[in-house]
Every structure is written in structure tokens, then in C-alpha cells.
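Please read the structure below before turning to the comments.
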Amino acid sequence: ALTLFDRAIAIRRGLPLDIAAARYDLAGGWLNRAEALMALGDAADLERALGAFDAAMPLLTSLPIPEEPRYARRLAVALQNRAVVRRRLGRDSWKVLTDLYGALEALDSQPDQTLGDTPVLRAAIWT
């Protein structure tokens, strides 16, 4: 899976990143890579997962979050998962809270709650 995610990232890097949808898709490649590394689970893999989350974050935070519910959802899930990795690594504990509150903020950016699974995501983040 990592090989395929790396190929997808390489392809998506060639897209015009001034287009929000291209940034969204490239961030998705990084997040898929991060989740695969999380599943492997040893410390080196978790460090690499953290690096993949860190690569995705500037792409996600540059998206017009309030304009598109999918953007808010992807950012919230990414922040929550990065917090899980940080917690599992047992360092930068204060950043775990920053990520979790950031995830809640992303969900709050959708005042009309257009994301059908917002209550479930919010519960997972609080848990």
C-alpha cells in the first residue's frame, strides 16, 4: 500500500496546486500514507506517519475550509489522527490537545452541520 500511496503522491504533486481540489487530493495521498504507517505501528513507522501528517497539514489548512464540508472533515480527521500518533509516540503531549481542539474547530467551521457524521466525529475527538 505504501508504494501505491507514494506513487499517488508523486502524480498529484504534478497537478496545479493553485487549485483547491488538487491540494485536497494531494493531502489525501499523504493522509493515506500516514494511516498505512500508523497500522504498521512501530516507533519508526509512527515517526514517518507524523512526517506524512505534517506534509498534509499545509495543504489542508490552505483550503477554503468554510466553503466545502469535505475540506473541514478531512482536516478534522487528519488532526485527530495526528494527535493519536503523537500520543502513541509519547512526546509533544501538549501538541495532542492543540490538534484535537483544531479538529473540533474545523468541524465548527460548518455552522449548518452539512457533514452528516459530525456528531460521530465530534464524539471520537472528545474521546
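A note on labels: chains of the C-alpha cells are A, B, ... as shown, every chain counts residues from 1, and ligands are counted from 1 in their shown order.
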
Under the rule of at most 12 Å, produce a per-residue listing of stretch 6-50 of chain A near stretch 91-114 of chain A: chain, number, name, the closest pair of atoms, and the distance in Å, as a Markdown table, using only C-alpha atoms.
```
| residue | atom | partner | partner_atom | distance |
| --- | --- | --- | --- | --- |
| A:Ala43 | CA | A:Arg91 | CA | 11.6 |
| A:Leu46 | CA | A:Arg91 | CA | 11.8 |
| A:Glu47 | CA | A:Arg91 | CA | 11.0 |
| A:Leu50 | CA | A:Asp92 | CA | 11.7 |
```

Env of A:Leu121: 9 Å cut, atoms = only C-alpha atoms, seq-sep filter 3 positions within chain, self excluded. Answer as a count of residues only. 10

Across A:Arg88, A:Arg12, A:Arg122, A:Arg74, the smallest distance to A:Asp42, with only C-alpha atoms counted, is shown by A:Arg88

What gap, in Å, lies between atom CA of A:Ile9 and atom CA of A:Phe53?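 Value for the atom CA of A:Ile9-atom CA of A:Phe53 distance: 13.0 Å.
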
A:Arg48, A:Arg33, A:Ile11, A:Ala21 ranked by distance to A:Ile65, top pick (using only C-alpha atoms): A:Ala21

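Atom CA of A:Glu67 is positioned 29.2 Å from atom CA of A:Arg86.
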
Just the residues within 10 Å of A:Tyr24, please, counting only C-alpha atoms, with nothing from its chain fewer than 6 positions along; format it as a VMD selection string. chain A and resid 12 17 56 59 to 63 70 to 71 74 to 75

Take the selection from the previous step and output its residues with N, CA and C atoms, as a compact mmCIF listing (two decimals), in the first residue's frame.
```txt
# COMPACT_ATOMS: atom_id res chain seq x y z
N ARG A 12 0.11 13.35 -7.96
CA ARG A 12 -0.66 14.53 -7.53
C ARG A 12 0.22 15.75 -7.32
N LEU A 17 -1.25 23.17 -7.98
CA LEU A 17 -1.66 23.29 -6.58
C LEU A 17 -2.32 24.62 -6.25
N ALA A 56 0.86 16.92 4.95
CA ALA A 56 -0.52 17.18 4.54
C ALA A 56 -1.09 18.46 5.13
N LEU A 59 -1.25 21.80 3.17
CA LEU A 59 -2.19 21.65 2.07
C LEU A 59 -3.63 21.79 2.57
N LEU A 60 -3.91 21.15 3.69
CA LEU A 60 -5.27 21.18 4.24
C LEU A 60 -5.63 22.56 4.77
N THR A 61 -4.71 23.19 5.47
CA THR A 61 -5.03 24.48 6.07
C THR A 61 -5.10 25.60 5.03
N SER A 62 -4.61 25.34 3.82
CA SER A 62 -4.71 26.34 2.76
C SER A 62 -6.02 26.24 1.99
N LEU A 63 -6.82 25.23 2.30
CA LEU A 63 -8.10 25.05 1.62
C LEU A 63 -9.14 26.03 2.15
N ARG A 70 -16.35 18.79 2.82
CA ARG A 70 -15.34 17.73 2.73
C ARG A 70 -13.99 18.21 3.22
N TYR A 71 -13.67 19.47 2.98
CA TYR A 71 -12.38 20.02 3.43
C TYR A 71 -12.33 20.03 4.95
N ARG A 74 -11.95 16.39 6.26
CA ARG A 74 -10.60 15.83 6.08
C ARG A 74 -9.63 16.45 7.05
N LEU A 75 -9.71 17.76 7.26
CA LEU A 75 -8.83 18.42 8.22
C LEU A 75 -9.07 17.90 9.63
```

Taking the chain letters and numbering used in this document, name the residues of stretch 16-121 of chain A that DSSP puts in helix (DSSP H, G or I), as a ChimeraX atom specification. /A:20-40,43-61,65-67,69-89,93-108,118-121

Using C-alpha atoms, can you export the residues from the last selection as a PDB file, in the first residue's frame?
```pdb
ATOM      1  CA  ALA A  20      -8.050  23.741  -4.082  1.00  0.00           C
ATOM      2  CA  ALA A  21      -9.241  20.329  -5.301  1.00  0.00           C
ATOM      3  CA  ALA A  22      -5.674  19.404  -6.293  1.00  0.00           C
ATOM      4  CA  ARG A  23      -4.384  20.324  -2.824  1.00  0.00           C
ATOM      5  CA  TYR A  24      -7.226  18.322  -1.282  1.00  0.00           C
ATOM      6  CA  ASP A  25      -6.295  15.274  -3.360  1.00  0.00           C
ATOM      7  CA  LEU A  26      -2.559  15.574  -2.636  1.00  0.00           C
ATOM      8  CA  ALA A  27      -3.296  15.896   1.077  1.00  0.00           C
ATOM      9  CA  GLY A  28      -5.410  12.739   0.765  1.00  0.00           C
ATOM     10  CA  GLY A  29      -2.395  10.855  -0.575  1.00  0.00           C
ATOM     11  CA  TRP A  30      -0.284  11.980   2.379  1.00  0.00           C
ATOM     12  CA  LEU A  31      -3.046  11.047   4.818  1.00  0.00           C
ATOM     13  CA  ASN A  32      -3.461   7.596   3.280  1.00  0.00           C
ATOM     14  CA  ARG A  33       0.286   7.084   3.613  1.00  0.00           C
ATOM     15  CA  ALA A  34       0.150   8.213   7.247  1.00  0.00           C
ATOM     16  CA  GLU A  35      -2.693   5.850   8.094  1.00  0.00           C
ATOM     17  CA  ALA A  36      -0.884   2.907   6.494  1.00  0.00           C
ATOM     18  CA  LEU A  37       2.193   3.710   8.582  1.00  0.00           C
ATOM     19  CA  MET A  38       0.017   4.003  11.707  1.00  0.00           C
ATOM     20  CA  ALA A  39      -1.260   0.496  11.047  1.00  0.00           C
ATOM     21  CA  LEU A  40       2.310  -0.847  10.936  1.00  0.00           C
ATOM     22  CA  ALA A  43       8.088   3.738  16.556  1.00  0.00           C
ATOM     23  CA  ALA A  44       9.909   4.317  13.252  1.00  0.00           C
ATOM     24  CA  ASP A  45       6.669   3.906  11.308  1.00  0.00           C
ATOM     25  CA  LEU A  46       4.869   6.281  13.657  1.00  0.00           C
ATOM     26  CA  GLU A  47       7.615   8.874  13.148  1.00  0.00           C
ATOM     27  CA  ARG A  48       7.188   8.525   9.380  1.00  0.00           C
ATOM     28  CA  ALA A  49       3.407   8.790   9.815  1.00  0.00           C
ATOM     29  CA  LEU A  50       3.900  12.021  11.737  1.00  0.00           C
ATOM     30  CA  GLY A  51       6.010  13.307   8.841  1.00  0.00           C
ATOM     31  CA  ALA A  52       3.241  12.426   6.383  1.00  0.00           C
ATOM     32  CA  PHE A  53       0.662  14.241   8.524  1.00  0.00           C
ATOM     33  CA  ASP A  54       2.996  17.228   8.687  1.00  0.00           C
ATOM     34  CA  ALA A  55       3.269  17.211   4.877  1.00  0.00           C
ATOM     35  CA  ALA A  56      -0.523  17.180   4.540  1.00  0.00           C
ATOM     36  CA  MET A  57      -1.275  19.956   7.033  1.00  0.00           C
ATOM     37  CA  PRO A  58      -0.159  22.985   4.966  1.00  0.00           C
ATOM     38  CA  LEU A  59      -2.193  21.650   2.069  1.00  0.00           C
ATOM     39  CA  LEU A  60      -5.268  21.178   4.243  1.00  0.00           C
ATOM     40  CA  THR A  61      -5.033  24.484   6.069  1.00  0.00           C
ATOM     41  CA  ILE A  65     -12.497  25.221   4.758  1.00  0.00           C
ATOM     42  CA  PRO A  66     -15.792  27.088   5.349  1.00  0.00           C
ATOM     43  CA  GLU A  67     -16.745  26.722   1.685  1.00  0.00           C
ATOM     44  CA  PRO A  69     -17.724  20.402   4.060  1.00  0.00           C
ATOM     45  CA  ARG A  70     -15.336  17.727   2.725  1.00  0.00           C
ATOM     46  CA  TYR A  71     -12.384  20.015   3.426  1.00  0.00           C
ATOM     47  CA  ALA A  72     -13.444  20.517   7.025  1.00  0.00           C
ATOM     48  CA  ARG A  73     -13.985  16.804   7.533  1.00  0.00           C
ATOM     49  CA  ARG A  74     -10.600  15.825   6.078  1.00  0.00           C
ATOM     50  CA  LEU A  75      -8.827  18.420   8.218  1.00  0.00           C
ATOM     51  CA  ALA A  76     -10.646  17.265  11.364  1.00  0.00           C
ATOM     52  CA  VAL A  77      -9.830  13.592  10.765  1.00  0.00           C
ATOM     53  CA  ALA A  78      -6.198  14.422   9.921  1.00  0.00           C
ATOM     54  CA  LEU A  79      -5.753  16.451  13.096  1.00  0.00           C
ATOM     55  CA  GLN A  80      -7.366  13.746  15.207  1.00  0.00           C
ATOM     56  CA  ASN A  81      -5.159  11.042  13.699  1.00  0.00           C
ATOM     57  CA  ARG A  82      -2.016  13.152  14.094  1.00  0.00           C
ATOM     58  CA  ALA A  83      -2.942  13.564  17.776  1.00  0.00           C
ATOM     59  CA  VAL A  84      -3.231   9.768  18.086  1.00  0.00           C
ATOM     60  CA  VAL A  85       0.250   9.323  16.598  1.00  0.00           C
ATOM     61  CA  ARG A  86       1.709  11.966  18.897  1.00  0.00           C
ATOM     62  CA  ARG A  87       0.105  10.264  21.878  1.00  0.00           C
ATOM     63  CA  ARG A  88       1.396   6.846  20.827  1.00  0.00           C
ATOM     64  CA  LEU A  89       4.902   8.263  20.450  1.00  0.00           C
ATOM     65  CA  SER A  93       1.938  15.800  24.619  1.00  0.00           C
ATOM     66  CA  TRP A  94       0.868  19.440  24.598  1.00  0.00           C
ATOM     67  CA  LYS A  95       0.517  19.251  20.785  1.00  0.00           C
ATOM     68  CA  VAL A  96      -2.056  16.476  21.165  1.00  0.00           C
ATOM     69  CA  LEU A  97      -4.509  18.948  22.680  1.00  0.00           C
ATOM     70  CA  THR A  98      -3.734  21.545  20.015  1.00  0.00           C
ATOM     71  CA  ASP A  99      -4.543  19.016  17.308  1.00  0.00           C
ATOM     72  CA  LEU A 100      -7.748  17.857  18.983  1.00  0.00           C
ATOM     73  CA  TYR A 101      -9.034  21.385  19.527  1.00  0.00           C
ATOM     74  CA  GLY A 102      -8.081  22.192  15.926  1.00  0.00           C
ATOM     75  CA  ALA A 103     -10.147  19.216  14.778  1.00  0.00           C
ATOM     76  CA  LEU A 104     -13.157  20.493  16.713  1.00  0.00           C
ATOM     77  CA  GLU A 105     -12.635  23.958  15.246  1.00  0.00           C
ATOM     78  CA  ALA A 106     -12.628  22.510  11.729  1.00  0.00           C
ATOM     79  CA  LEU A 107     -15.974  20.844  12.403  1.00  0.00           C
ATOM     80  CA  ASP A 108     -17.318  24.074  13.892  1.00  0.00           C
ATOM     81  CA  THR A 118     -20.316  15.480  12.528  1.00  0.00           C
ATOM     82  CA  PRO A 119     -21.738  14.214  15.853  1.00  0.00           C
ATOM     83  CA  VAL A 120     -19.821  10.933  15.495  1.00  0.00           C
ATOM     84  CA  LEU A 121     -16.581  12.726  14.569  1.00  0.00           C
TER      85      LEU A 121
END
```

Which is closer to A:Asp18 than all the others in A:Gly116, A:Pro64, A:Gly41, A:Gly90, using only C-alpha atoms?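 The closest residue to A:Asp18 is A:Pro64.
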